[in-house]
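Trainee: The structure under discussion is supplied below as structure tokens; questions concerning it will follow.
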Amino acid sequence: MAAPRPLPVRLSGVVMAAAIQDLEALRALTAVFKEQRNRDTAPRTIFQRVLDILKKSSQAVELACRDPSQVGQLASSLQLITECFRCLRNACIECCVNQNSIRNMDTIGVAVDLILLFRELQEEQESLLTAFRCGLQFLGNIASRNEDSQSVVWLHAFPELFLSCLNHPDKKIVAYSSMILFTSLNSSRIKELEENLNIAINVIEAHQKHPESEWPFLVITDHFLKSPELVQAMYAKMSNQERITLLDVMVAKVMAVEPLARDEVPVFLSHAQLLASTFLDQCRVVLKLTEEHAEDEEAQVTIRLLDVLCEMTANSDLLGYLQIYPGLLEGVVDLLRLIHVAGLGSMSIFSACGYIKAEDSMSNMAEGFKSHLIRLIGNMCYKNKDNQDKVNEMDGIPLILDTCSPDDRNPYVGTKTPVFVGERLPKTIYSIVALSEDSASHHQHPQKSTAAV
């Protein structure tokens, strides 16, 4: 096939001059729209002209998608596209009138189609990435605080744009697409995500890869965690590493300075039910942890589940539900006993012999898990005589005390310079206080109560 003939010099010059003129005008508009007063007085005809330039410039991108050899000829078109998006992005800032005018011209559909073409090119040249990013910023701004625009963005963007952008190698594109998702989601659209779980899981992956980016985190905390049905469906389909990431976000939410809102408490009670049930089903996988298999992902998930349950039982709004959750207290005490028995062997990371050989991270893992088991028992017994009696009937107090006895894992205990084993001893003291409070059947009768920790 013969190569396409270049434009005649005269015609090429005319096209280039027109493009330069448009580019300069667009840059001037972009600067002008940084001022609120200019945005408020912008005539609608300006946006029509910008849209015309955008449509015309996008033809070159369509051609490059059909004929990859044309990608190198996109420079001038990408400059125009980028500046069109910047101009429209700035025009939409805190200006509902401009948002509506631009939306009613079907600019959102044009922008989404063009962004999908960018993804189809799979090029990482900076000029294309810049246009890509600016297009997403425009969609985020036109949807901001404008429900009609949010509906149109969702109509055009879901699900293809999110599936294409949330796993993009460029972290800014991931952040901006997460911003659009955050802005567009509502309770009814969350239900659509239940049928497109890959989008929700891609957000979890985005937070895992880019923890410094606020938008994926906000999508999870402000939207996903408000839907127990979505969380349950996601959890069943996610990888173990993705589950750990989701559990980390749950911990952050429960431990946040701001308490759970009144309407969030019932939702987190549903999450607590899922996590308690899952923990009981798989908690014994930690018993297979050895020096050679310390990185078992299922066991790592179990460890993180325990972390979340500890923080949930330290929350007064969630504690009561978990204190009466069927089988949870018994399961935790039984697991502590099994770990204690496993520690008598030589292969488990909970053993004295294995403890001396282990690296610090493995030692901390073993001690942290025991500490949190004891903490969970203490929290569940806090001001709850039924649970106190259950632990007493299961010989839980001697078991808890025995976890702090001196052994090879803590050779400094009993010397002139005693060293606590991680957090175990403080947690044990707290747990014994919680177990003994208001219970005449126990040997100790502390005078002051200790809040759940």
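Chain identifiers are assigned as A, B, and so on, following the order in which chains appear in the structure tokens; residues are numbered from 1 within each chain, and ligands are numbered from 1 in order of appearance.
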List as number ranges by chain the protein and nucleic acid residues near Ala111 (chain A), meaning an atom at most 12 Å away when only C-alpha atoms are counted, but skip any in the same chain fewer than 2 places from it.
Mentor: A: 51, 54-55, 57-58, 81-82, 84-85, 88-89, 102-103, 105-109, 113-118, 131-140, 142, 152-153, 156-157, 161
Trainee: The selected residues should be written to file as a short mmCIF file (atom, residue, chain, number, x, y, z; two decimals), in the first residue's frame (atoms: N, CA and C atoms).
Mentor:
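Written file, result_6.cif:
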```
data_model
loop_
_atom_site.label_atom_id
_atom_site.label_comp_id
_atom_site.auth_asym_id
_atom_site.auth_seq_id
_atom_site.Cartn_x
_atom_site.Cartn_y
_atom_site.Cartn_z
N LEU A 51 -15.88 23.10 21.42
CA LEU A 51 -16.31 21.73 21.07
C LEU A 51 -16.02 21.42 19.61
N LEU A 54 -12.45 20.59 19.33
CA LEU A 54 -12.21 19.27 19.94
C LEU A 54 -12.61 18.15 19.00
N LYS A 55 -13.79 18.28 18.40
CA LYS A 55 -14.26 17.24 17.47
C LYS A 55 -13.33 17.12 16.27
N SER A 57 -10.16 17.96 16.00
CA SER A 57 -8.84 17.43 16.39
C SER A 57 -8.91 15.95 16.72
N SER A 58 -10.06 15.50 17.19
CA SER A 58 -10.18 14.08 17.56
C SER A 58 -10.15 13.16 16.35
N ILE A 81 -6.29 19.33 21.58
CA ILE A 81 -7.19 18.56 22.45
C ILE A 81 -6.92 18.88 23.92
N THR A 82 -5.64 18.91 24.28
CA THR A 82 -5.28 19.21 25.66
C THR A 82 -5.80 20.58 26.08
N CYS A 84 -8.24 22.31 24.72
CA CYS A 84 -9.71 22.29 24.77
C CYS A 84 -10.19 21.76 26.12
N PHE A 85 -9.61 20.67 26.55
CA PHE A 85 -10.00 20.09 27.84
C PHE A 85 -9.66 21.03 28.99
N LEU A 88 -12.29 23.85 29.00
CA LEU A 88 -13.58 23.38 29.49
C LEU A 88 -13.51 23.04 30.98
N ARG A 89 -12.39 22.45 31.39
CA ARG A 89 -12.19 22.12 32.81
C ARG A 89 -12.28 23.37 33.67
N ILE A 102 -22.29 23.32 28.73
CA ILE A 102 -21.34 22.40 28.10
C ILE A 102 -21.93 20.99 28.01
N ARG A 103 -22.63 20.58 29.06
CA ARG A 103 -23.26 19.25 29.05
C ARG A 103 -24.31 19.14 27.95
N MET A 105 -24.47 20.34 25.15
CA MET A 105 -23.91 20.25 23.79
C MET A 105 -23.38 18.84 23.50
N ASP A 106 -23.60 17.91 24.42
CA ASP A 106 -23.09 16.54 24.31
C ASP A 106 -21.56 16.49 24.35
N THR A 107 -20.97 17.44 25.02
CA THR A 107 -19.52 17.46 25.15
C THR A 107 -19.02 16.28 25.98
N ILE A 108 -19.81 15.85 26.94
CA ILE A 108 -19.39 14.72 27.79
C ILE A 108 -19.21 13.46 26.96
N GLY A 109 -20.17 13.18 26.07
CA GLY A 109 -20.05 12.00 25.21
C GLY A 109 -18.82 12.06 24.32
N ASP A 113 -15.66 9.38 24.57
CA ASP A 113 -15.23 8.64 23.38
C ASP A 113 -13.76 8.89 23.07
N LEU A 114 -13.32 10.13 23.23
CA LEU A 114 -11.93 10.47 22.94
C LEU A 114 -10.98 9.83 23.96
N ILE A 115 -11.38 9.82 25.22
CA ILE A 115 -10.56 9.18 26.26
C ILE A 115 -10.41 7.69 26.01
N LEU A 116 -11.49 7.06 25.57
CA LEU A 116 -11.41 5.63 25.25
C LEU A 116 -10.49 5.38 24.05
N LEU A 117 -10.45 6.32 23.12
CA LEU A 117 -9.50 6.22 22.00
C LEU A 117 -8.06 6.33 22.51
N PHE A 118 -7.83 7.22 23.45
CA PHE A 118 -6.50 7.34 24.04
C PHE A 118 -6.05 6.01 24.63
N ALA A 131 -3.02 14.98 27.52
CA ALA A 131 -4.38 15.13 26.99
C ALA A 131 -5.35 14.20 27.72
N PHE A 132 -4.91 12.98 27.95
CA PHE A 132 -5.69 11.97 28.66
C PHE A 132 -6.08 12.51 30.05
N ARG A 133 -5.07 13.00 30.79
CA ARG A 133 -5.32 13.50 32.15
C ARG A 133 -6.27 14.69 32.15
N CYS A 134 -6.06 15.61 31.22
CA CYS A 134 -6.92 16.80 31.17
C CYS A 134 -8.36 16.45 30.83
N GLY A 135 -8.54 15.45 29.98
CA GLY A 135 -9.89 14.99 29.66
C GLY A 135 -10.60 14.45 30.88
N LEU A 136 -9.89 13.69 31.70
CA LEU A 136 -10.49 13.16 32.92
C LEU A 136 -10.78 14.27 33.93
N GLN A 137 -9.87 15.24 34.01
CA GLN A 137 -10.13 16.37 34.91
C GLN A 137 -11.38 17.14 34.50
N PHE A 138 -11.56 17.30 33.21
CA PHE A 138 -12.77 17.98 32.72
C PHE A 138 -14.02 17.21 33.16
N LEU A 139 -14.02 15.89 32.99
CA LEU A 139 -15.19 15.10 33.40
C LEU A 139 -15.44 15.21 34.89
N GLY A 140 -14.38 15.24 35.67
CA GLY A 140 -14.55 15.40 37.11
C GLY A 140 -15.14 16.75 37.47
N ILE A 142 -16.98 18.84 35.49
CA ILE A 142 -18.34 19.06 35.00
C ILE A 142 -19.36 18.30 35.83
N VAL A 152 -25.17 12.09 33.35
CA VAL A 152 -24.70 11.97 31.97
C VAL A 152 -23.30 11.35 31.93
N VAL A 153 -22.44 11.77 32.85
CA VAL A 153 -21.10 11.18 32.92
C VAL A 153 -21.21 9.67 33.16
N HIS A 156 -22.32 7.68 30.06
CA HIS A 156 -21.32 7.49 29.03
C HIS A 156 -20.08 6.73 29.53
N ALA A 157 -19.74 6.91 30.79
CA ALA A 157 -18.46 6.37 31.29
C ALA A 157 -18.57 4.96 31.84
N LEU A 161 -15.15 3.24 30.66
CA LEU A 161 -14.09 4.17 31.02
C LEU A 161 -13.41 3.75 32.32
#
```
Trainee: Skip Gly396 (chain A) itself and residues of its chain fewer than 5 positions away, then list as a list of chain:residue names all residues within 9 Å of it, counting only C-alpha atoms.
Mentor: A:Val333, A:Asp334, A:Arg337, A:Lys390, A:Val391, A:Leu401
Trainee: Restricting the calculation to only C-alpha atoms: of A:Glu83, A:Asp281, A:Asp67, A:Glu192, which residue gets closest to Thr30 (chain A)?
Mentor: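 Of the candidates, the smallest distance to Thr30 (chain A) is held by A:Glu83.
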Trainee: So, with only C-alpha atoms as the atoms that count, which of A:Glu35, A:Glu120, A:Asp52, A:Asp307 lies closest to Pro68 (chain A)?
Mentor: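 Closest residue, counting only C-alpha atoms: A:Glu120.
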Trainee: Please give the complete set of residues from region 29-273 of chain A that DSSP, run on the backbone, assigns to alpha helix (DSSP H), formatted as a PyMOL selection string.
Mentor: chain A and resi 29-32+36-40+44-66+75-91+96-104+107-121+126-143+147-157+160-165+171-184+187-193+197-209+214-222+228-237+240-254+265-273
Trainee: Between A:Ala91, A:Asn104, A:Phe350, A:Leu155, which is the closest to Ile46 (chain A) once you count only C-alpha atoms?
Mentor: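 Residue with the minimum atom-to-atom distance to Ile46 (chain A): A:Ala91.
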Trainee: Would you mind listing what lies within 8 Å of Leu336 (chain A) as a PyMOL selection string, with only C-alpha atoms counted and same-chain residues fewer than 3 positions away left out?
Mentor: chain A and resi 332-333+339-340+370+373-374+399
Trainee: I need the residue nearest Cys65 (chain A) from this list: A:Leu29, A:Leu121, A:Leu185, A:Leu129. Use only C-alpha atoms for the distance.
Mentor: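 Result for the nearest residue to Cys65 (chain A): A:Leu121.
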Trainee: Name the residues in contact with Pro159 (chain A) at a cut-off of 12 Å, using only C-alpha atoms, excluding same-chain residues fewer than 6 positions from it; report them as a PDB file with C-alpha atoms, in the first residue's frame.
Mentor:
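Result saved to out31.pdb:
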```pdb
ATOM      1  CA  VAL A 112     -15.529   9.993  26.928  1.00  0.00           C
ATOM      2  CA  LEU A 116     -11.408   5.631  25.250  1.00  0.00           C
ATOM      3  CA  VAL A 153     -21.097  11.175  32.917  1.00  0.00           C
ATOM      4  CA  CYS A 165      -8.583   3.788  33.396  1.00  0.00           C
ATOM      5  CA  LEU A 166      -8.538   2.431  36.952  1.00  0.00           C
ATOM      6  CA  SER A 177     -10.676   8.311  37.077  1.00  0.00           C
ATOM      7  CA  LEU A 181     -16.124   7.570  40.149  1.00  0.00           C
ATOM      8  CA  ARG A 189     -25.256   3.294  41.139  1.00  0.00           C
ATOM      9  CA  GLU A 192     -24.747  -1.399  39.438  1.00  0.00           C
ATOM     10  CA  LEU A 193     -21.240  -1.994  40.751  1.00  0.00           C
ATOM     11  CA  GLU A 194     -22.458  -5.234  42.311  1.00  0.00           C
ATOM     12  CA  GLU A 195     -22.929  -6.468  38.747  1.00  0.00           C
ATOM     13  CA  ASN A 196     -19.554  -5.052  37.658  1.00  0.00           C
ATOM     14  CA  LEU A 197     -17.347  -6.098  40.560  1.00  0.00           C
ATOM     15  CA  ASN A 198     -14.168  -5.729  38.532  1.00  0.00           C
ATOM     16  CA  ILE A 199     -14.532  -1.954  38.757  1.00  0.00           C
ATOM     17  CA  ALA A 200     -14.831  -2.057  42.546  1.00  0.00           C
ATOM     18  CA  ASN A 202      -9.846  -2.226  40.519  1.00  0.00           C
TER      19      ASN A 202
END
```
